[in-house]
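**Q** Starting off with a structure, shown below.
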Number of protein chains: 2
Amino acid sequence: MATPERVVPGWMTGGGPAADIALSTRLRLARNLAGEPFPPRQDGTAASRVLQRVGAAVAALPQDHGAYRIVRMADLEGPDRQTLVEQHLISPLLALRATGAVALRADESVSIMINEEDHLRIQALLPGLQCAEALRVADAVDDALNASLEYAFSEEWGYLAASPANVGTGLRASVMMHLPGLVLAGQAAPLFSNLAQMGVVVRGLHGEGSAAVGNLFQISNQVSLGLAEEEIATSLQAIGRQVVDRERSAREWLFANRRTQIEDRVARAYGLLTNARLVPSAEAAALLSDLRLGIDLHVLPHLDPSLFNELLVRTRPAFLQAAAGDQDHPAVRDALRATLIRQRIAQAERRSGKD
Amino acid sequence: MATPERVVPGWMTGGGPAADIALSTRLRLARNLAGEPFPPRQDGTAASRVLQRVGAAVAALPQDHGAYRIVRMADLEGPDRQTLVEQHLISPLLALRATGAVALRADESVSIMINEEDHLRIQALLPGLQCAEALRVADAVDDALNASLEYAFSEEWGYLAASPANVGTGLRASVMMHLPGLVLAGQAAPLFSNLAQMGVVVRGLHGEGSAAVGNLFQISNQVSLGLAEEEIATSLQAIGRQVVDRERSAREWLFANRRTQIEDRVARAYGLLTNARLVPSAEAAALLSDLRLGIDLHVLPHLDPSLFNELLVRTRPAFLQAAAGDQDHPAVRDALRATLIRQRIAQAERRSGKD
């Protein structure tokens with residue numbers, strides 16, 4: 001069973017290119033097995049057969065692909081499924097599917113969802129902005145699985161998928177970006193509307209329909225059909241690079257022109273995070289965003305940026321619910337969240353020699 | 001000229017009976033000189049004559065009354081007048097009157113306003129809840145001045161005054177109370193409406209028409225006519241005592257039933273006050289109220305209650321305006337206020353051995 005302590009994906013450590021703004025890059029390929037009904041039309045027998053076939057293909061991956069473990073949704077309690085969602089290792093949809101499963105690579109850089117909307121969703125999750133590398137990782141897994149699995153493929157349309165939006169390359173790439181500068185400078189909305197005209201979708205952290213939490217946005221390609229995989233990855237990389245530059249400019253402008261206000265904002269977030277006894281989830285995300293901005297701007301030079309990534313995930317409701325156990329209740333979670341944040345910051349400060 | 005550093009009234013040191021809740025007691029006697037027009041009908045000559053006569057009487061007070069200095073409003077800049085208002089040594093009305101003056105006893109426990117609404121307003125300002133002692137102090141000054149000044153007095157009505165509300169004893173007593181428990185428990189409004197039916201007026205900190213700032217309320221007698229001075233003082237003392245008890249009960253209830261919420265509130269106030277870089281005036285009062293509650297409830301046992309009283313006065317706009325000098329601007333004041341608060345708390349913590 002997946003426990004919160006064990007699963008720490010690479011992007012949480014905060015490395016990678018432009019990782020001060022682009023926290024992580026995720027790229028997924030939608031694939032389906034030839035001759036099997038798509039998951040929305042599956043019965044239990046068909047689902048089991050797909051899981052069995054994919055499981056065997058994963059087990060047969062060459063040694064240099066690393067070790068995988070397969071976790072079936074049916075074997076997980078709700079909170080543990082939710083924990084995987086909050087780590088971005090599975091989608092909210094997979095968590096709802098009793099016939100779903102996920103194959104997780106030991107280093108958490110690859111997760112293969114099974115029986116989500118498509119039979120396979122091969123996902124690469126890397127720290128920082130690296131669309132080309134994410135494509136390389138996902139392609140390698142795709143090719144290796146394709147050695148033992150026959151995919152549903154049409155010469156005319158490309159890879160077939162349950163939803164027309166995914167037909168073609170079956171590729172969707174997205175970059176999670178921390179954009180407090182653009183938000184504070186009031187430049188986020190106009191930029192996002194420009195991006196939309198270029199076929200780029202901007203969403204809040206937790207996927208479709210969710211509002212931005214902690215100034216975190218997912219920027220992803222809209223179109224899968226009619227473009228080569230490399231084109232999609234290169235295009236999103238370039239757009240991500242532009243957004244990074246815009247965010248840097250916004251931060252520089254704010255720091256030059258609103259320095260005291262920014263320092264006040266960061267200092268307040270630090271004061272609340274290191275003192276509050278009850279911190280709701282949305283407030284934690286907002287305060288952690290301010291803290292991270294302060295770290296990036298060297299207002300809080302003694303703290304490491306990875307603290308933000310780690311706390312962002314560890315303070316999500318499901319993580320804390322797992323920690324609260326039987327005592328689970330929103331107020332208990334808010335108290336646990338506050339304690340966790342205080343302890344982690346204090347620990348980081350002891351390590352850095354402050355205090 | 002009165003400077004902020006020099007003037008620290010006794011109530012700011014935080015002592016006196018029930019001083020955890022009743023910060024200070026103020027008692028004033030309205031008196032007018034026989035044969036002189038009341039201030040609202042005074043011309044400049046009459047005002048000068050009154051000032052000259054009262055000044056001479058103050059100078060003639062027996063040695064055991066302590067030293068007095070007389071400050072004329074015409075000699076003060078606006079911010080310095082406002083500073084005296086914020087220390088509760090003069091009224092906002094006196095600050096507006098060019099012909100007004102105040103005689104201040106060296107220990108700041110007595111201030112005699114001259115040419116406010118009446119010729120004399122003899123005020124005793126003591127720490128804690130002590131209406132009888134405040135009456136004794138004011139009476140002693142009143143009697144001593146009466147030895148050289150003839151008051152406007154009617155056998156039928158008592159002391160005459162510019163406003164009918166002050167005819168009779170000319171006495172108004174008020175207690176400044178810090179009531180965060182009643183406010184947080186939602187019991188303040190019903191209590192105040194009961195008090196109103198008993199002829200007791202409840203106002204926000206800065207007098208008539210002002211909203212409560214920092215959970216501070218002035219509780220005072222409504223009626224001056226038809227009651228003996230002692231009756232008024234005894235009655236307000238008893239009512240003050242009741243409010244103190246109600247506030248204590250509310251705090252006990254909150255601490256027993258909402259402990260984490262109260263601790264969170266106090267810890268957040270501490271975190272913001274010790275970190276923020278810009279603190280507006282109203283926020284400072286609200287956070288200082290939470291801080292003081294935390295000190296009283298031993299959530300912050302290392303801090304002294306007098307810190308609250310002192311910061312409450314020193315963070316008022318006029319005090320900071322005096323400190324800001326030429327640079328005066330709301331944002332500059334907010335930054336000065338934040339710095340002052342951070343420094344004073346840090347200083348208090350160094351003294352108490354925390355840190």
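Convention: chains lettered A, B, ... in structure tokens order; per-chain residue numbering from 1; ligands numbered from 1 as shown.
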Each residue of chain B lying at most 8 Å from chain A should get a row with its shortest atom-to-atom pair and the distance in Å to one decimal, counting only C-alpha atoms; could you produce that, ordered by chain and increasing number, as a Markdown table?
**A**
| residue | atom | partner | partner_atom | distance |
| --- | --- | --- | --- | --- |
| B:Thr260 | CA | A:Arg277 | CA | 6.9 |
| B:Gln261 | CA | A:Leu278 | CA | 7.3 |
| B:Glu263 | CA | A:Arg277 | CA | 6.8 |
| B:Asp264 | CA | A:Arg277 | CA | 4.4 |
| B:Arg265 | CA | A:Ala276 | CA | 7.5 |
| B:Ala267 | CA | A:Asn275 | CA | 5.2 |
| B:Arg268 | CA | A:Ala276 | CA | 5.0 |
| B:Tyr270 | CA | A:Asn275 | CA | 7.5 |
| B:Gly271 | CA | A:Gly271 | CA | 4.1 |
| B:Leu272 | CA | A:Gly271 | CA | 5.3 |
| B:Thr274 | CA | A:Gly271 | CA | 7.1 |
| B:Asn275 | CA | A:Ala267 | CA | 5.2 |
| B:Ala276 | CA | A:Arg268 | CA | 5.0 |
| B:Arg277 | CA | A:Asp264 | CA | 4.5 |
| B:Leu278 | CA | A:Asp264 | CA | 6.0 |
**Q** Write out the coordinates of chain B as a short mmCIF file (atom, residue, chain, number, x, y, z; two decimals) with C-alpha atoms, in the first residue's frame after a least-squares overlay onto chain A built on all ordered Cα pairs.
**A**
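File written: selection_8.cif
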data_model
loop_
_atom_site.label_atom_id
_atom_site.label_comp_id
_atom_site.auth_asym_id
_atom_site.auth_seq_id
_atom_site.Cartn_x
_atom_site.Cartn_y
_atom_site.Cartn_z
CA MET B 1 -0.18 0.08 0.12
CA ALA B 2 1.14 3.52 -0.76
CA THR B 3 1.95 5.51 2.36
CA PRO B 4 2.72 9.23 2.37
CA GLU B 5 6.23 8.79 3.74
CA ARG B 6 7.35 6.41 1.04
CA VAL B 7 6.30 8.27 -2.08
CA VAL B 8 8.33 11.40 -2.81
CA PRO B 9 8.37 12.15 -6.54
CA GLY B 10 11.45 13.75 -8.06
CA TRP B 11 9.76 17.09 -8.72
CA MET B 12 9.23 17.57 -5.00
CA THR B 13 12.96 17.94 -4.49
CA GLY B 14 12.86 21.17 -6.46
CA GLY B 15 15.62 20.64 -9.04
CA GLY B 16 15.61 20.86 -12.83
CA PRO B 17 15.88 23.68 -15.39
CA ALA B 18 14.11 26.95 -14.45
CA ALA B 19 12.82 25.14 -11.37
CA ASP B 20 12.38 28.41 -9.49
CA ILE B 21 9.25 28.94 -11.60
CA ALA B 22 8.56 25.74 -13.56
CA LEU B 23 8.15 23.22 -10.78
CA SER B 24 7.60 20.15 -12.93
CA THR B 25 6.93 18.90 -16.42
CA ARG B 26 4.46 16.12 -17.04
CA LEU B 27 4.02 14.38 -20.38
CA ARG B 28 1.58 11.59 -21.03
CA LEU B 29 0.86 9.31 -23.94
CA ALA B 30 -2.63 7.81 -24.27
CA ARG B 31 -2.50 4.26 -25.68
CA ASN B 32 -5.07 1.53 -26.14
CA LEU B 33 -4.75 -2.16 -26.84
CA ALA B 34 -5.92 -3.42 -30.24
CA GLY B 35 -9.04 -5.59 -30.07
CA GLU B 36 -10.07 -4.48 -26.55
CA PRO B 37 -13.05 -2.19 -25.83
CA PHE B 38 -12.07 1.23 -24.53
CA PRO B 39 -12.41 1.55 -20.72
CA PRO B 40 -15.69 3.55 -20.87
CA ARG B 41 -17.24 0.44 -22.56
CA GLN B 42 -15.34 -2.21 -20.60
CA ASP B 43 -16.98 -4.88 -18.48
CA GLY B 44 -15.13 -6.32 -15.47
CA THR B 45 -13.71 -9.23 -17.48
CA ALA B 46 -12.30 -6.96 -20.17
CA ALA B 47 -10.78 -4.67 -17.53
CA SER B 48 -9.10 -7.61 -15.77
CA ARG B 49 -7.76 -8.86 -19.08
CA VAL B 50 -6.26 -5.45 -19.89
CA LEU B 51 -4.71 -5.18 -16.44
CA GLN B 52 -3.28 -8.68 -16.79
CA ARG B 53 -1.81 -7.97 -20.26
CA VAL B 54 -0.35 -4.57 -19.31
CA GLY B 55 0.99 -5.95 -16.04
CA ALA B 56 2.82 -8.68 -17.94
CA ALA B 57 4.26 -6.14 -20.40
CA VAL B 58 5.46 -3.93 -17.52
CA ALA B 59 7.06 -6.94 -15.86
CA ALA B 60 8.80 -7.71 -19.14
CA LEU B 61 10.38 -4.23 -19.45
CA PRO B 62 14.16 -4.35 -19.91
CA GLN B 63 16.22 -4.08 -16.71
CA ASP B 64 17.49 -0.56 -17.49
CA HIS B 65 13.91 0.74 -17.18
CA GLY B 66 14.09 0.36 -13.40
CA ALA B 67 11.75 -1.53 -11.07
CA TYR B 68 7.97 -1.04 -11.20
CA ARG B 69 5.31 -1.85 -8.68
CA ILE B 70 1.66 -2.17 -9.65
CA VAL B 71 -0.97 -0.70 -7.33
CA ARG B 72 -4.64 -1.55 -7.92
CA MET B 73 -7.19 1.08 -6.91
CA ALA B 74 -9.38 -1.70 -5.47
CA ASP B 75 -6.61 -2.42 -2.95
CA LEU B 76 -6.36 1.19 -1.70
CA GLU B 77 -8.50 3.12 0.78
CA GLY B 78 -9.90 6.42 -0.47
CA PRO B 79 -7.33 8.61 1.33
CA ASP B 80 -4.44 6.60 -0.12
CA ARG B 81 -5.80 7.02 -3.65
CA GLN B 82 -6.18 10.73 -2.97
CA THR B 83 -2.58 10.88 -1.79
CA LEU B 84 -1.43 9.57 -5.18
CA VAL B 85 -3.59 12.22 -6.87
CA GLU B 86 -2.01 14.95 -4.76
CA GLN B 87 1.44 13.75 -5.75
CA HIS B 88 0.35 14.02 -9.40
CA LEU B 89 1.09 10.32 -9.90
CA ILE B 90 -2.48 9.44 -10.86
CA SER B 91 -5.48 11.43 -12.09
CA PRO B 92 -8.61 12.10 -10.04
CA LEU B 93 -10.50 9.96 -12.61
CA LEU B 94 -8.31 6.91 -11.99
CA ALA B 95 -8.89 7.25 -8.24
CA LEU B 96 -12.61 6.77 -8.94
CA ARG B 97 -12.23 3.65 -11.11
CA ALA B 98 -12.47 0.35 -9.21
CA THR B 99 -10.92 -1.47 -12.19
CA GLY B 100 -8.06 1.03 -12.41
CA ALA B 101 -4.44 0.46 -11.48
CA VAL B 102 -1.12 2.23 -11.75
CA ALA B 103 2.39 0.97 -12.45
CA LEU B 104 4.86 3.20 -10.61
CA ARG B 105 8.55 3.31 -11.39
CA ALA B 106 10.66 3.17 -8.21
CA ASP B 107 12.01 6.71 -8.72
CA GLU B 108 8.45 7.99 -9.36
CA SER B 109 9.50 9.58 -12.64
CA VAL B 110 7.16 7.31 -14.61
CA SER B 111 3.64 6.24 -13.78
CA ILE B 112 1.54 4.14 -16.12
CA MET B 113 -2.17 4.44 -15.40
CA ILE B 114 -4.15 1.38 -16.47
CA ASN B 115 -7.87 1.46 -17.31
CA GLU B 116 -8.27 5.17 -16.78
CA GLU B 117 -10.07 6.77 -19.77
CA ASP B 118 -7.68 4.81 -22.03
CA HIS B 119 -6.10 1.43 -21.42
CA LEU B 120 -2.72 3.04 -20.84
CA ARG B 121 -1.70 6.51 -19.88
CA ILE B 122 2.10 6.54 -19.85
CA GLN B 123 3.21 9.52 -17.79
CA ALA B 124 6.68 10.99 -17.33
CA LEU B 125 6.98 13.45 -14.44
CA LEU B 126 10.24 15.41 -14.24
CA PRO B 127 11.39 18.36 -12.15
CA GLY B 128 11.72 21.78 -13.82
CA LEU B 129 10.94 22.70 -17.42
CA GLN B 130 12.07 19.82 -19.63
CA CYS B 131 9.50 18.85 -22.24
CA ALA B 132 11.98 17.17 -24.62
CA GLU B 133 13.47 15.01 -21.87
CA ALA B 134 9.99 14.09 -20.62
CA LEU B 135 9.08 13.04 -24.17
CA ARG B 136 12.25 10.94 -24.41
CA VAL B 137 11.44 9.17 -21.14
CA ALA B 138 7.79 8.51 -22.07
CA ASP B 139 8.74 7.41 -25.61
CA ALA B 140 11.25 4.90 -24.27
CA VAL B 141 8.56 3.32 -22.08
CA ASP B 142 6.04 3.47 -24.93
CA ASP B 143 8.43 1.73 -27.35
CA ALA B 144 9.40 -0.94 -24.84
CA LEU B 145 5.77 -1.73 -23.99
CA ASN B 146 4.89 -1.76 -27.68
CA ALA B 147 7.33 -4.65 -28.08
CA SER B 148 4.88 -6.93 -26.23
CA LEU B 149 1.56 -5.07 -26.66
CA GLU B 150 -0.23 -4.30 -29.92
CA TYR B 151 -1.70 -0.76 -29.81
CA ALA B 152 -4.92 0.38 -31.48
CA PHE B 153 -3.53 2.45 -34.34
CA SER B 154 -4.87 3.80 -37.62
CA GLU B 155 -2.60 4.79 -40.51
CA GLU B 156 -4.95 7.71 -41.18
CA TRP B 157 -5.58 8.98 -37.60
CA GLY B 158 -2.64 7.75 -35.60
CA TYR B 159 -3.16 6.29 -32.12
CA LEU B 160 -6.83 5.72 -31.33
CA ALA B 161 -8.26 6.86 -28.01
CA ALA B 162 -11.50 6.81 -26.04
CA SER B 163 -11.90 10.57 -26.49
CA PRO B 164 -11.43 12.25 -29.91
CA ALA B 165 -9.32 14.93 -28.23
CA ASN B 166 -6.61 12.35 -27.62
CA VAL B 167 -6.60 10.71 -31.04
CA GLY B 168 -3.35 11.19 -32.99
CA THR B 169 -0.20 11.29 -30.93
CA GLY B 170 -2.19 10.75 -27.73
CA LEU B 171 0.24 13.21 -26.22
CA ARG B 172 -0.48 15.84 -23.67
CA ALA B 173 2.33 17.78 -22.09
CA SER B 174 1.91 20.13 -19.17
CA VAL B 175 4.15 22.28 -17.05
CA MET B 176 3.27 23.22 -13.47
CA MET B 177 4.30 26.81 -12.90
CA HIS B 178 4.46 29.00 -9.82
CA LEU B 179 3.44 32.47 -10.99
CA PRO B 180 3.04 34.76 -7.96
CA GLY B 181 4.77 37.66 -9.73
CA LEU B 182 2.35 37.69 -12.66
CA VAL B 183 -0.63 37.33 -10.33
CA LEU B 184 0.51 40.13 -7.98
CA ALA B 185 1.36 42.42 -10.90
CA GLY B 186 -2.09 41.77 -12.42
CA GLN B 187 -0.52 40.33 -15.57
CA ALA B 188 -1.67 36.71 -15.25
CA ALA B 189 -5.16 37.04 -16.75
CA PRO B 190 -4.10 38.89 -19.94
CA LEU B 191 -1.20 36.47 -20.47
CA PHE B 192 -3.43 33.44 -20.06
CA SER B 193 -5.92 34.83 -22.55
CA ASN B 194 -3.09 35.29 -25.09
CA LEU B 195 -1.97 31.72 -24.46
CA ALA B 196 -5.52 30.43 -25.00
CA GLN B 197 -5.50 32.01 -28.47
CA MET B 198 -2.31 30.04 -29.19
CA GLY B 199 -4.03 26.75 -28.28
CA VAL B 200 -2.47 26.55 -24.84
CA VAL B 201 -4.66 25.69 -21.85
CA VAL B 202 -4.01 27.15 -18.40
CA ARG B 203 -5.57 25.48 -15.37
CA GLY B 204 -5.33 25.71 -11.60
CA LEU B 205 -3.13 23.21 -9.83
CA HIS B 206 -5.55 20.36 -9.45
CA GLY B 207 -6.59 19.93 -13.05
CA GLU B 208 -9.68 20.79 -15.05
CA GLY B 209 -12.23 23.05 -13.44
CA SER B 210 -10.11 23.76 -10.40
CA ALA B 211 -9.15 27.27 -9.33
CA ALA B 212 -5.51 28.23 -8.94
CA VAL B 213 -4.31 27.34 -5.46
CA GLY B 214 -1.12 28.96 -4.24
CA ASN B 215 -0.52 30.74 -7.56
CA LEU B 216 0.18 27.39 -9.22
CA PHE B 217 -0.91 26.87 -12.82
CA GLN B 218 -0.74 23.94 -15.25
CA ILE B 219 0.07 25.04 -18.76
CA SER B 220 -0.61 22.40 -21.40
CA ASN B 221 -1.11 21.81 -25.11
CA GLN B 222 -4.69 21.68 -26.37
CA VAL B 223 -4.26 19.79 -29.63
CA SER B 224 -3.01 16.23 -30.12
CA LEU B 225 -4.00 15.59 -33.74
CA GLY B 226 -2.02 16.69 -36.81
CA LEU B 227 1.22 17.52 -35.04
CA ALA B 228 4.27 15.39 -34.49
CA GLU B 229 5.19 14.50 -30.89
CA GLU B 230 8.38 16.54 -31.13
CA GLU B 231 6.49 19.57 -32.39
CA ILE B 232 4.16 19.50 -29.41
CA ALA B 233 7.01 19.11 -26.92
CA THR B 234 9.14 21.82 -28.57
CA SER B 235 6.23 24.22 -28.77
CA LEU B 236 5.24 23.80 -25.12
CA GLN B 237 8.88 24.11 -24.08
CA ALA B 238 9.14 27.44 -25.92
CA ILE B 239 5.90 28.71 -24.42
CA GLY B 240 6.97 27.55 -20.97
CA ARG B 241 10.24 29.42 -21.46
CA GLN B 242 8.32 32.59 -22.37
CA VAL B 243 6.11 32.32 -19.29
CA VAL B 244 9.20 31.81 -17.12
CA ASP B 245 10.72 34.98 -18.59
CA ARG B 246 7.51 36.95 -18.07
CA GLU B 247 7.31 35.77 -14.46
CA ARG B 248 10.94 36.76 -13.89
CA SER B 249 10.26 40.24 -15.31
CA ALA B 250 7.16 40.62 -13.16
CA ARG B 251 9.15 39.68 -10.05
CA GLU B 252 11.93 42.11 -10.95
CA TRP B 253 9.40 44.87 -11.49
CA LEU B 254 7.66 44.14 -8.21
CA PHE B 255 10.91 43.99 -6.30
CA ALA B 256 12.10 47.27 -7.84
CA ASN B 257 8.79 49.13 -7.44
CA ARG B 258 6.89 47.44 -4.62
CA ARG B 259 9.75 46.12 -2.56
CA THR B 260 8.39 46.91 0.90
CA GLN B 261 4.97 45.47 0.00
CA ILE B 262 6.58 42.26 -1.26
CA GLU B 263 8.83 42.00 1.79
CA ASP B 264 5.80 42.60 4.00
CA ARG B 265 3.83 39.89 2.20
CA VAL B 266 6.66 37.39 2.52
CA ALA B 267 7.35 38.29 6.16
CA ARG B 268 3.67 37.94 7.06
CA ALA B 269 3.51 34.51 5.42
CA TYR B 270 6.62 33.47 7.34
CA GLY B 271 5.19 34.84 10.59
CA LEU B 272 1.90 33.00 10.14
CA LEU B 273 3.42 29.71 8.95
CA THR B 274 5.86 29.63 11.87
CA ASN B 275 3.24 30.53 14.49
CA ALA B 276 -0.33 29.62 13.53
CA ARG B 277 -1.96 26.67 15.31
CA LEU B 278 -4.71 26.04 12.76
CA VAL B 279 -4.02 26.38 9.04
CA PRO B 280 -6.70 25.44 6.48
CA SER B 281 -5.58 23.89 3.20
CA ALA B 282 -6.18 26.85 0.87
CA GLU B 283 -4.49 29.27 3.26
CA ALA B 284 -1.49 26.95 3.51
CA ALA B 285 -1.11 26.97 -0.28
CA ALA B 286 -1.38 30.76 -0.45
CA LEU B 287 1.11 31.32 2.38
CA LEU B 288 3.53 28.73 1.01
CA SER B 289 3.37 30.52 -2.34
CA ASP B 290 4.38 33.77 -0.63
CA LEU B 291 7.12 31.93 1.28
CA ARG B 292 8.51 30.45 -1.93
CA LEU B 293 8.46 33.85 -3.60
CA GLY B 294 10.45 35.17 -0.64
CA ILE B 295 12.96 32.35 -0.98
CA ASP B 296 13.35 33.01 -4.72
CA LEU B 297 13.78 36.75 -4.13
CA HIS B 298 16.32 36.12 -1.33
CA VAL B 299 14.07 37.82 1.22
CA LEU B 300 14.33 34.52 3.12
CA PRO B 301 17.76 33.37 1.97
CA HIS B 302 18.15 30.78 4.72
CA LEU B 303 15.37 28.52 3.42
CA ASP B 304 15.57 26.02 0.58
CA PRO B 305 13.07 26.20 -2.31
CA SER B 306 12.38 22.46 -2.05
CA LEU B 307 10.68 23.14 1.30
CA PHE B 308 7.83 24.75 -0.62
CA ASN B 309 7.37 21.84 -3.04
CA GLU B 310 7.47 19.34 -0.24
CA LEU B 311 5.08 21.21 2.07
CA LEU B 312 2.74 21.94 -0.81
CA VAL B 313 2.18 18.21 -1.25
CA ARG B 314 2.41 17.16 2.39
CA THR B 315 -0.17 19.73 3.55
CA ARG B 316 -2.85 18.56 1.10
CA PRO B 317 -5.94 17.13 2.82
CA ALA B 318 -5.41 13.47 1.88
CA PHE B 319 -1.84 13.42 3.14
CA LEU B 320 -2.93 14.82 6.46
CA GLN B 321 -5.98 12.60 6.59
CA ALA B 322 -3.67 9.60 6.37
CA ALA B 323 -1.61 11.05 9.23
CA ALA B 324 -4.70 11.87 11.32
CA GLY B 325 -6.02 8.31 11.13
CA ASP B 326 -9.13 7.72 13.22
CA GLN B 327 -9.09 11.30 14.48
CA ASP B 328 -9.76 12.61 11.00
CA HIS B 329 -11.77 15.85 11.10
CA PRO B 330 -11.14 19.18 9.34
CA ALA B 331 -10.09 20.92 12.58
CA VAL B 332 -7.72 18.06 13.41
CA ARG B 333 -6.24 18.27 9.92
CA ASP B 334 -5.81 22.05 10.24
CA ALA B 335 -3.95 21.55 13.52
CA LEU B 336 -1.80 18.75 12.07
CA ARG B 337 -1.04 20.90 9.02
CA ALA B 338 0.02 23.82 11.22
CA THR B 339 2.24 21.57 13.34
CA LEU B 340 3.82 19.93 10.30
CA ILE B 341 4.62 23.30 8.72
CA ARG B 342 6.07 24.76 11.93
CA GLN B 343 8.21 21.70 12.54
CA ARG B 344 9.52 21.45 8.98
CA ILE B 345 10.46 25.14 8.82
CA ALA B 346 12.13 24.95 12.25
CA GLN B 347 14.03 21.84 11.13
CA ALA B 348 15.15 23.56 7.90
CA GLU B 349 16.30 26.59 9.90
CA ARG B 350 18.29 24.46 12.34
CA ARG B 351 20.00 22.81 9.38
CA SER B 352 20.80 26.13 7.73
CA GLY B 353 22.30 27.43 10.98
CA LYS B 354 19.71 30.19 11.53
CA ASP B 355 18.35 30.45 15.06
#
**Q** Could you write out, as a ChimeraX atom specification, all the residues of segment 5-111 of chain B that DSSP marks as strand (DSSP E)?
**A** /B:22-31,68-72,101-105,110-111
**Q** Pull N, CA, C and O atoms from the residues just selected and write them as a compact mmCIF listing (two decimals), in the first residue's frame.
**A**
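The resulting selection_11.txt:
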# COMPACT_ATOMS: atom_id res chain seq x y z
N ALA B 22 -9.63 46.05 33.08
CA ALA B 22 -9.90 47.48 33.19
C ALA B 22 -8.57 48.21 33.09
O ALA B 22 -7.81 48.27 34.06
N LEU B 23 -8.29 48.77 31.92
CA LEU B 23 -6.97 49.37 31.72
C LEU B 23 -6.82 50.64 32.53
O LEU B 23 -5.77 50.90 33.10
N SER B 24 -7.85 51.47 32.54
CA SER B 24 -7.72 52.75 33.24
C SER B 24 -9.08 53.30 33.61
O SER B 24 -10.10 52.95 33.01
N THR B 25 -9.06 54.14 34.65
CA THR B 25 -10.27 54.83 35.08
C THR B 25 -10.02 56.32 34.91
O THR B 25 -8.97 56.84 35.30
N ARG B 26 -11.00 56.98 34.29
CA ARG B 26 -10.89 58.42 34.14
C ARG B 26 -12.12 59.05 34.77
O ARG B 26 -13.24 58.59 34.58
N LEU B 27 -11.90 60.10 35.54
CA LEU B 27 -13.02 60.81 36.16
C LEU B 27 -12.80 62.29 35.95
O LEU B 27 -11.70 62.80 36.16
N ARG B 28 -13.84 62.98 35.47
CA ARG B 28 -13.65 64.41 35.26
C ARG B 28 -14.79 65.18 35.89
O ARG B 28 -15.93 64.72 35.98
N LEU B 29 -14.42 66.36 36.37
CA LEU B 29 -15.38 67.31 36.93
C LEU B 29 -15.42 68.53 36.02
O LEU B 29 -14.37 69.11 35.72
N ALA B 30 -16.64 68.89 35.57
CA ALA B 30 -16.80 70.10 34.75
C ALA B 30 -17.06 71.28 35.69
O ALA B 30 -17.96 71.21 36.54
N ARG B 31 -16.27 72.32 35.59
CA ARG B 31 -16.44 73.51 36.44
C ARG B 31 -16.35 74.76 35.58
O ARG B 31 -15.63 74.79 34.57
N TYR B 68 2.88 71.22 38.12
CA TYR B 68 2.06 71.28 36.91
C TYR B 68 2.80 72.08 35.84
O TYR B 68 3.53 73.02 36.16
N ARG B 69 2.57 71.70 34.60
CA ARG B 69 3.00 72.56 33.51
C ARG B 69 1.77 72.87 32.67
O ARG B 69 0.88 72.02 32.52
N ILE B 70 1.71 74.09 32.15
CA ILE B 70 0.56 74.48 31.34
C ILE B 70 0.96 74.52 29.88
O ILE B 70 1.98 75.12 29.52
N VAL B 71 0.19 73.83 29.05
CA VAL B 71 0.47 73.75 27.61
C VAL B 71 -0.71 74.39 26.88
O VAL B 71 -1.84 73.96 27.05
N ARG B 72 -0.42 75.43 26.08
CA ARG B 72 -1.49 76.09 25.32
C ARG B 72 -1.59 75.46 23.93
O ARG B 72 -0.57 75.23 23.28
N ALA B 101 -6.21 75.23 26.58
CA ALA B 101 -4.92 74.90 27.20
C ALA B 101 -5.15 73.72 28.12
O ALA B 101 -6.30 73.33 28.38
N VAL B 102 -4.06 73.14 28.58
CA VAL B 102 -4.18 72.05 29.55
C VAL B 102 -3.07 72.19 30.58
O VAL B 102 -1.93 72.52 30.25
N ALA B 103 -3.46 71.98 31.86
CA ALA B 103 -2.48 71.93 32.94
C ALA B 103 -2.25 70.46 33.26
O ALA B 103 -3.19 69.75 33.62
N LEU B 104 -1.01 70.01 33.09
CA LEU B 104 -0.68 68.58 33.27
C LEU B 104 0.16 68.39 34.51
O LEU B 104 1.20 69.04 34.68
N ARG B 105 -0.30 67.50 35.40
CA ARG B 105 0.52 67.18 36.56
C ARG B 105 1.70 66.34 36.09
O ARG B 105 1.58 65.54 35.15
N VAL B 110 -3.21 63.73 36.64
CA VAL B 110 -4.24 64.78 36.59
C VAL B 110 -3.96 65.67 35.39
O VAL B 110 -2.81 66.06 35.14
N SER B 111 -5.03 65.94 34.63
CA SER B 111 -4.93 66.97 33.60
C SER B 111 -6.15 67.88 33.73
O SER B 111 -7.27 67.40 33.93
**Q** Running DSSP on the backbone, which parts of segment 189-310 of chain B land in alpha helix (DSSP H), as a PyMOL selection string?
**A** chain B and resi 189-197+229-257+259-273+281-296+306-310
